[in-house]
$ cat protein_2.cif   # mmCIF, C-alpha atoms and all ligand atoms
data_model
#
loop_
_atom_site.label_atom_id
_atom_site.label_comp_id
_atom_site.auth_asym_id
_atom_site.auth_seq_id
_atom_site.Cartn_x
_atom_site.Cartn_y
_atom_site.Cartn_z
CA MET G 23 2.10 83.31 -14.69
CA GLU G 24 2.21 84.82 -18.17
CA LYS G 25 -0.01 83.08 -20.65
CA VAL G 26 1.40 82.78 -24.17
CA PRO G 27 -1.46 82.71 -26.65
CA ILE G 28 -1.42 79.66 -28.91
CA ILE G 29 -1.47 80.50 -32.62
CA LYS G 30 -4.02 78.38 -34.36
CA ASN G 31 -2.81 77.17 -37.70
CA GLU G 32 -5.49 75.47 -39.72
CA GLY G 33 -3.88 72.79 -41.86
CA GLU G 34 -5.28 71.04 -44.87
CA GLY G 35 -8.71 69.59 -44.38
CA GLY G 36 -9.16 71.91 -41.42
CA GLU G 37 -6.97 69.77 -39.19
CA ASP G 38 -5.37 71.78 -36.46
CA TRP G 39 -1.90 70.29 -36.68
CA SER G 40 -0.30 72.88 -34.42
CA MET G 41 -2.34 71.86 -31.40
CA SER G 42 -0.16 70.38 -28.72
CA GLU G 43 -1.42 67.85 -26.23
CA ALA G 44 -0.41 65.84 -23.23
CA ILE G 45 -1.56 62.44 -22.07
CA PHE G 46 -2.85 62.22 -18.52
CA ARG G 47 -3.54 59.28 -16.25
CA PHE G 48 -4.88 59.74 -12.73
CA TYR G 49 -4.59 56.98 -10.14
CA GLU G 50 -6.74 55.63 -7.36
CA GLU G 51 -9.08 57.98 -5.53
CA LEU G 52 -8.06 60.95 -7.67
CA ASN G 53 -10.37 59.48 -10.31
CA ASP G 54 -13.35 60.47 -8.17
CA PHE G 55 -12.70 64.11 -9.08
CA LEU G 56 -12.64 63.54 -12.84
CA THR G 57 -15.55 63.50 -15.22
CA PRO G 58 -16.48 59.83 -15.78
CA ARG G 59 -15.02 59.50 -19.28
CA PHE G 60 -11.53 60.34 -17.95
CA ARG G 61 -11.57 57.93 -15.04
CA LYS G 62 -9.04 55.09 -14.69
CA ARG G 63 -7.64 55.47 -18.18
CA ALA G 64 -5.13 57.51 -20.09
CA PHE G 65 -6.65 60.42 -21.98
CA ARG G 66 -5.44 63.22 -24.23
CA SER G 67 -5.78 66.79 -23.12
CA ASP G 68 -5.09 69.82 -25.32
CA LEU G 69 -2.48 72.26 -24.10
CA LYS G 70 -3.64 75.82 -24.34
CA GLY G 71 -0.63 78.06 -24.06
CA ARG G 72 1.89 77.97 -21.28
CA GLN G 73 0.40 76.11 -18.35
CA SER G 74 1.80 74.52 -15.22
CA VAL G 75 0.95 70.93 -14.46
CA LYS G 76 -0.74 72.17 -11.26
CA ASP G 77 -3.10 74.49 -13.15
CA ARG G 78 -4.00 71.78 -15.62
CA ILE G 79 -4.63 69.18 -12.93
CA GLU G 80 -6.92 71.60 -11.10
CA SER G 81 -8.71 72.57 -14.32
CA LEU G 82 -9.48 68.87 -14.75
CA GLY G 83 -11.22 68.99 -11.36
CA VAL G 84 -8.57 67.50 -9.07
CA PRO G 85 -7.58 69.69 -6.07
CA HIS G 86 -3.81 69.93 -5.91
CA THR G 87 -3.92 69.18 -2.17
CA GLU G 88 -5.03 65.65 -3.07
CA VAL G 89 -1.98 65.08 -5.26
CA ASP G 90 1.23 63.71 -3.89
CA LEU G 91 3.29 62.66 -6.85
CA ILE G 92 3.42 63.69 -10.48
CA LEU G 93 5.50 61.80 -12.97
CA VAL G 94 6.14 63.34 -16.37
CA ASN G 95 7.58 60.82 -18.79
CA GLY G 96 8.57 58.69 -15.79
CA LYS G 97 10.34 61.45 -13.85
CA SER G 98 8.90 63.19 -10.81
CA VAL G 99 8.24 66.91 -11.19
CA ASP G 100 6.89 69.61 -8.91
CA PHE G 101 3.68 71.59 -9.36
CA ASN G 102 5.44 74.37 -11.31
CA TYR G 103 6.42 72.12 -14.18
CA ILE G 104 5.34 73.68 -17.50
CA LEU G 105 3.60 71.17 -19.74
CA ARG G 106 5.05 70.33 -23.14
CA ASP G 107 3.66 68.71 -26.21
CA GLY G 108 3.69 64.93 -25.97
CA ASP G 109 4.20 64.76 -22.20
CA GLN G 110 2.87 61.64 -20.51
CA ILE G 111 1.67 62.57 -17.05
CA SER G 112 0.84 60.21 -14.20
CA VAL G 113 -0.79 61.72 -11.13
CA TYR G 114 -0.90 59.92 -7.78
CA PRO G 115 -2.86 60.65 -4.61
CA VAL G 116 -1.53 61.67 -1.22
CA PHE G 117 -2.66 58.59 0.59
CA GLU G 118 -1.32 55.19 -0.40
CA THR G 119 -3.82 52.48 -1.14
CA LEU G 120 -3.88 48.73 -0.93
CA ASN G 121 -3.61 47.79 -4.53
CA ILE G 122 -0.95 49.90 -6.17
CA LYS G 123 2.10 47.77 -5.73
CA ASN G 124 2.84 47.95 -9.44
CA ILE G 125 2.78 51.74 -9.26
CA THR G 126 4.92 52.26 -6.21
CA ARG G 127 7.83 50.78 -8.12
CA LEU G 128 7.68 53.79 -10.40
CA ARG G 129 8.07 56.22 -7.57
CA GLU G 130 11.26 58.21 -7.51
CA ILE G 131 10.41 60.25 -4.47
CA PRO G 132 8.60 59.15 -1.34
CA LEU G 133 5.14 60.32 -0.43
CA ARG G 134 5.02 63.57 1.48
CA LYS G 135 2.72 62.16 4.08
CA THR G 136 3.22 58.53 4.95
CA ARG G 137 1.98 57.74 8.41
CA PHE G 138 0.92 54.54 10.03
CA VAL G 139 -1.30 53.02 12.65
CA ALA G 140 -0.09 49.66 13.91
CA ASP G 141 -2.06 46.63 14.95
CA ILE G 142 -1.66 45.69 18.62
CA ASN G 143 0.68 42.71 18.25
CA ILE G 144 3.59 44.23 16.32
CA ARG G 145 5.32 46.29 18.97
CA ASP G 146 8.84 45.33 17.78
CA ILE G 147 8.09 46.54 14.26
CA VAL G 148 6.64 49.77 15.67
CA THR G 149 9.85 50.39 17.64
CA LEU G 150 12.04 49.85 14.59
CA MET G 151 9.78 51.97 12.35
CA ARG G 152 9.97 54.80 14.89
CA ALA G 153 13.75 54.36 15.13
CA LEU G 154 13.78 54.95 11.37
CA GLY G 155 11.85 58.15 12.00
CA PHE G 156 8.42 57.06 10.75
CA ASP G 157 5.25 58.26 12.42
CA VAL G 158 3.54 55.15 13.81
CA TYR G 159 0.51 55.42 16.05
CA TYR G 160 0.43 52.49 18.44
CA ASP G 161 -1.83 51.70 21.34
CA PRO G 162 -2.04 48.07 22.49
CA LEU G 163 -5.55 48.74 23.80
CA LEU G 164 -7.07 49.65 20.42
CA SER G 165 -9.81 47.41 19.05
CA PRO G 166 -9.82 46.58 15.32
CA ALA G 167 -12.65 49.08 14.81
CA GLU G 168 -10.61 51.78 16.56
CA ILE G 169 -7.55 51.03 14.44
CA ILE G 170 -9.68 51.44 11.32
CA ARG G 171 -11.16 54.68 12.66
CA VAL G 172 -7.68 56.13 13.39
CA SER G 173 -6.56 55.08 9.91
CA ARG G 174 -9.44 56.91 8.24
CA GLU G 175 -9.50 60.01 10.43
CA GLU G 176 -5.76 60.60 10.47
CA GLU G 177 -4.95 59.17 7.03
CA ARG G 178 -2.71 56.49 8.43
CA ILE G 179 -1.80 53.25 6.71
CA ILE G 180 -2.68 50.21 8.81
CA LEU G 181 0.19 47.83 9.53
CA THR G 182 -1.03 44.40 10.51
CA LYS G 183 -0.32 40.68 10.41
CA SER G 184 -4.05 40.04 10.15
CA ARG G 185 -5.61 39.56 6.73
CA LYS G 186 -8.94 39.57 8.49
CA LEU G 187 -8.44 43.15 9.67
CA LEU G 188 -7.63 44.32 6.14
CA LYS G 189 -10.80 42.71 4.81
CA PHE G 190 -13.11 44.98 6.79
CA LYS G 191 -14.99 47.09 4.28
CA ASP G 192 -14.05 50.37 5.96
CA VAL G 193 -10.34 49.74 5.53
CA THR G 194 -8.98 51.90 2.74
CA HIS G 195 -5.23 51.74 3.32
CA GLY G 196 -3.27 48.91 4.82
CA ILE G 197 -0.24 46.70 4.53
CA PHE G 198 -0.24 43.02 5.34
CA ILE G 199 2.98 42.10 7.13
CA ARG G 200 4.32 38.74 6.06
CA PRO G 201 6.17 36.28 8.33
CA GLY G 202 9.85 37.02 8.94
CA THR G 203 12.24 38.67 11.33
CA VAL G 204 11.46 42.18 12.58
CA VAL G 205 14.17 43.57 10.29
CA GLN G 206 12.80 41.69 7.26
CA GLN G 207 9.25 42.78 8.02
CA THR G 208 10.21 46.42 8.52
CA ARG G 209 12.32 46.37 5.38
CA GLY G 210 9.32 44.94 3.55
CA ILE G 211 7.23 47.99 4.51
CA VAL G 212 10.02 50.42 3.59
CA ASP G 213 10.58 48.74 0.22
CA PHE G 214 6.89 48.42 -0.58
CA LEU G 215 6.30 52.15 -0.14
CA THR G 216 9.73 53.22 -1.42
CA LEU G 217 10.47 54.99 1.85
CA ARG G 218 14.23 54.52 2.13
CA ASP G 219 15.01 58.17 1.36
CA ALA G 220 12.31 59.36 3.74
CA ALA G 221 13.85 57.66 6.76
CA ARG G 222 15.19 60.00 9.46
CA PRO G 223 16.88 57.62 11.88
CA PHE G 224 16.78 58.55 15.57
CA SER G 225 14.56 61.58 15.13
CA ARG G 226 11.53 60.14 16.93
CA CYS G 227 10.70 58.87 20.40
CA LEU G 228 10.50 55.07 20.48
CA ARG G 229 8.13 55.21 23.41
CA CYS G 230 5.52 57.81 22.44
CA ASN G 231 6.11 58.53 18.70
CA SER G 232 6.73 62.26 19.18
CA THR G 233 9.78 63.95 17.64
CA LEU G 234 13.08 64.51 19.44
CA ILE G 235 15.05 67.68 19.94
CA LYS G 236 18.73 67.96 20.72
CA VAL G 237 19.48 69.08 24.26
CA ARG G 238 22.66 70.26 25.97
CA LYS G 239 24.32 67.79 28.26
CA GLU G 240 24.47 70.30 31.12
CA ASP G 241 20.70 70.82 30.93
CA VAL G 242 19.93 67.13 31.53
CA ILE G 243 22.99 66.03 33.44
CA GLU G 244 21.17 65.12 36.65
CA ARG G 245 18.96 62.73 34.68
CA ILE G 246 21.83 60.79 33.07
CA PRO G 247 23.49 57.82 34.78
CA PRO G 248 26.98 58.83 35.97
CA LYS G 249 28.73 56.24 33.76
CA THR G 250 26.98 57.62 30.68
CA ARG G 251 27.89 61.23 31.47
CA ALA G 252 31.52 60.51 30.84
CA LEU G 253 30.96 58.50 27.65
CA CYS G 254 28.31 60.44 25.71
CA SER G 255 28.24 64.10 24.70
CA GLU G 256 25.11 64.15 22.48
CA TYR G 257 21.64 63.96 23.97
CA SER G 258 18.13 64.26 22.63
CA CYS G 259 14.88 64.71 24.46
CA CYS G 260 11.31 63.80 23.48
CA ARG G 261 9.09 66.83 22.97
CA ARG G 262 6.11 65.10 24.52
CA CYS G 263 7.14 62.54 27.14
CA ASP G 264 10.51 64.10 28.06
CA LYS G 265 12.44 60.83 27.73
CA ILE G 266 16.15 61.38 27.19
CA TYR G 267 18.08 59.53 24.49
CA TRP G 268 21.81 59.05 24.05
CA LYS G 269 24.09 56.81 22.04
CA GLY G 270 24.55 54.00 24.54
CA THR G 271 24.34 50.22 24.21
CA HIS G 272 20.62 50.24 23.35
CA TYR G 273 21.34 52.76 20.58
CA THR G 274 24.09 50.53 19.16
CA LYS G 275 21.73 47.56 19.02
CA ILE G 276 18.96 49.51 17.28
CA LYS G 277 21.43 51.28 14.97
CA ARG G 278 22.49 47.87 13.64
CA MET G 279 18.85 47.01 12.85
CA VAL G 280 18.27 50.41 11.24
CA ASP G 281 21.30 49.86 9.01
CA TRP G 282 20.04 46.41 8.00
CA VAL G 283 16.71 47.90 6.95
CA LEU G 284 18.24 50.76 5.00
CA ASN G 285 21.17 49.00 3.33
CA GLU G 286 20.67 48.58 -0.40
ZN ZN Z 301 8.30 60.40 23.91
#

$ encode --input "protein_2.cif" --output "structure tokens"
Amino acid sequence: MEKVPIIKNEGEGGEDWSMSEAIFRFYEELNDFLTPRFRKRAFRSDLKGRQSVKDRIESLGVPHTEVDLILVNGKSVDFNYILRDGDQISVYPVFETLNIKNITRLREIPLRKTRFVADINIRDIVTLMRALGFDVYYDPLLSPAEIIRVSREEERIILTKSRKLLKFKDVTHGIFIRPGTVVQQTRGIVDFLTLRDAARPFSRCLRCNSTLIKVRKEDVIERIPPKTRALCSEYSCCRRCDKIYWKGTHYTKIKRMVDWVLNE
């Protein structure tokens, strides 16, 4: 990228009035990369020539791979955004954390990577989350310690009805699911993380969490009940467990729940 040299113009009293600057604020674990005086507060940073927000973030010590969302004056921008004088820049990490509810409301785009690991007793929520297309690791045999380990190793947000589980010191990312119907609880997760636009209904296997691919009817015809063959023309197949999906009565029931979650 071409760098335009800034022309220094010394004003009266030696004040450099031509200097442009932006105000930065980094959130959550991104602060660990900053020098201490910049942590957890807004700070001014001089703009030297034409610079992308990505270059400036990295020059402040934060690897761009750790960044998921950048808001400039309240609007989300990509890494190529060229900084301007007076910009107010908020920078958010890839992985959601427990205590940023006030920030998620500002989000205009969903996180790139939002994945979950579910506690053992919320199978119905797991099914609906997967029907919405979200990646939810679920194994009813996992111990609390194993759930926490999966969360940390695979950067997955823990979904649980247990406050006790979220209080373990090793838990970094989790959502406490409040009482309600499965639709209300799932909608609560989607709203909390502003995930509505990230939903990809019926793109994921409800049984094993892998993604689905479309298959031709004639390629799977011997595995479809005869009644269904006549009624349905579209079929999908799980990439991992080979389960076949079609728009039958079970689909209609889940579709209704998906619509309830996603309706504004
Ligand atoms: Zn599957």

$ atom_distance --input "protein_2.cif" --atom1 "CA of Thr208 (chain G)" --atom2 "CA of Ser173 (chain G)"
18.9 Å

$ residues_near_ligand --input "protein_2.cif" --ligand "ligand ZN 301 (chain Z)" --cutoff "8 Å" --atoms "all atoms listed in the file" --output "list of chain:residue names"
G:Arg226, G:Cys227, G:Leu228, G:Arg229, G:Cys230, G:Asn231, G:Ser232, G:Thr233, G:Leu234, G:Cys259, G:Cys260, G:Arg261, G:Arg262, G:Cys263, G:Asp264, G:Lys265

$ residues_around --input "protein_2.cif" --residues "Trp268 (chain G)" --least-positions-apart "5" --cutoff "12 Å" --atoms "only C-alpha atoms" --output "count of residues only"
28

$ atom_distance --input "protein_2.cif" --atom1 "CA of Asn285 (chain G)" --atom2 "CA of Val139 (chain G)"
24.7 Å

$ closest_residue --input "protein_2.cif" --among "G:Val158, G:Met41, G:Val113, G:Ile104" --to "Asn53 (chain G)" --atoms "only C-alpha atoms"
G:Val113

$ residues_around --input "protein_2.cif" --residues "region 185-201 of chain G" --least-positions-apart "4" --cutoff "10 Å" --atoms "only C-alpha atoms" --output "PyMOL selection string"
chain G and resi 117-121+138-141+144+147+166-167+169-171+173-174+177-181+206-208+210-211+214-215

$ atom_distance --input "protein_2.cif" --atom1 "CA of Thr57 (chain G)" --atom2 "CA of Gly83 (chain G)"
8.0 Å

$ residues_around --input "protein_2.cif" --residues "Arg78 (chain G)" --least-positions-apart "3" --cutoff "12 Å" --atoms "all atoms listed in the file" --output "PDB file with C-alpha atoms, in the coordinates of the input"
ATOM      1  CA  GLU G  43      -1.420  67.850 -26.230  1.00  0.00           C
ATOM      2  CA  ALA G  44      -0.410  65.840 -23.230  1.00  0.00           C
ATOM      3  CA  ILE G  45      -1.560  62.440 -22.070  1.00  0.00           C
ATOM      4  CA  PHE G  46      -2.850  62.220 -18.520  1.00  0.00           C
ATOM      5  CA  SER G  67      -5.780  66.790 -23.120  1.00  0.00           C
ATOM      6  CA  ASP G  68      -5.090  69.820 -25.320  1.00  0.00           C
ATOM      7  CA  LEU G  69      -2.480  72.260 -24.100  1.00  0.00           C
ATOM      8  CA  LYS G  70      -3.640  75.820 -24.340  1.00  0.00           C
ATOM      9  CA  GLY G  71      -0.630  78.060 -24.060  1.00  0.00           C
ATOM     10  CA  ARG G  72       1.890  77.970 -21.280  1.00  0.00           C
ATOM     11  CA  GLN G  73       0.400  76.110 -18.350  1.00  0.00           C
ATOM     12  CA  SER G  74       1.800  74.520 -15.220  1.00  0.00           C
ATOM     13  CA  VAL G  75       0.950  70.930 -14.460  1.00  0.00           C
ATOM     14  CA  SER G  81      -8.710  72.570 -14.320  1.00  0.00           C
ATOM     15  CA  LEU G  82      -9.480  68.870 -14.750  1.00  0.00           C
ATOM     16  CA  GLY G  83     -11.220  68.990 -11.360  1.00  0.00           C
ATOM     17  CA  VAL G  84      -8.570  67.500  -9.070  1.00  0.00           C
ATOM     18  CA  PRO G  85      -7.580  69.690  -6.070  1.00  0.00           C
ATOM     19  CA  HIS G  86      -3.810  69.930  -5.910  1.00  0.00           C
ATOM     20  CA  PHE G 101       3.680  71.590  -9.360  1.00  0.00           C
ATOM     21  CA  ASN G 102       5.440  74.370 -11.310  1.00  0.00           C
ATOM     22  CA  TYR G 103       6.420  72.120 -14.180  1.00  0.00           C
ATOM     23  CA  ILE G 104       5.340  73.680 -17.500  1.00  0.00           C
ATOM     24  CA  LEU G 105       3.600  71.170 -19.740  1.00  0.00           C
ATOM     25  CA  ARG G 106       5.050  70.330 -23.140  1.00  0.00           C
ATOM     26  CA  ILE G 111       1.670  62.570 -17.050  1.00  0.00           C
ATOM     27  CA  VAL G 113      -0.790  61.720 -11.130  1.00  0.00           C
TER      28      VAL G 113
END

$ closest_residue --input "protein_2.cif" --among "G:Pro115, G:Pro162, G:Gly155, G:Pro223" --to "Arg47 (chain G)" --atoms "only C-alpha atoms"
G:Pro115

$ closest_residue --input "protein_2.cif" --among "G:Asp157, G:His272, G:Phe48, G:Leu163" --to "Glu176 (chain G)" --atoms "only C-alpha atoms"
G:Asp157

$ build_atoms --input "protein_2.cif" --residues "region 254-266 of chain G" --atoms "N, CA and C atoms" --output "short mmCIF file (atom, residue, chain, number, x, y, z; two decimals), in the coordinates of the input"
data_model
loop_
_atom_site.label_atom_id
_atom_site.label_comp_id
_atom_site.auth_asym_id
_atom_site.auth_seq_id
_atom_site.Cartn_x
_atom_site.Cartn_y
_atom_site.Cartn_z
N CYS G 254 29.12 59.86 26.79
CA CYS G 254 28.31 60.44 25.71
C CYS G 254 28.25 61.97 25.83
N SER G 255 28.35 62.63 24.68
CA SER G 255 28.24 64.10 24.70
C SER G 255 26.96 64.59 24.02
N GLU G 256 26.33 63.72 23.19
CA GLU G 256 25.11 64.15 22.48
C GLU G 256 23.87 63.55 23.13
N TYR G 257 22.89 64.41 23.35
CA TYR G 257 21.64 63.96 23.97
C TYR G 257 20.45 64.57 23.25
N SER G 258 19.38 63.77 23.19
CA SER G 258 18.13 64.26 22.63
C SER G 258 17.03 64.04 23.66
N CYS G 259 15.98 64.81 23.50
CA CYS G 259 14.88 64.71 24.46
C CYS G 259 13.56 64.68 23.68
N CYS G 260 12.62 63.86 24.14
CA CYS G 260 11.31 63.80 23.48
C CYS G 260 10.51 65.06 23.81
N ARG G 261 9.89 65.62 22.78
CA ARG G 261 9.09 66.83 22.97
C ARG G 261 7.86 66.59 23.83
N ARG G 262 7.35 65.36 23.81
CA ARG G 262 6.11 65.10 24.52
C ARG G 262 6.34 64.45 25.88
N CYS G 263 7.06 63.31 25.89
CA CYS G 263 7.14 62.54 27.14
C CYS G 263 8.43 62.82 27.91
N ASP G 264 9.33 63.63 27.32
CA ASP G 264 10.51 64.10 28.06
C ASP G 264 11.57 63.02 28.25
N LYS G 265 11.41 61.88 27.61
CA LYS G 265 12.44 60.83 27.73
C LYS G 265 13.74 61.32 27.07
N ILE G 266 14.84 60.96 27.69
CA ILE G 266 16.15 61.38 27.19
C ILE G 266 16.82 60.21 26.44
#
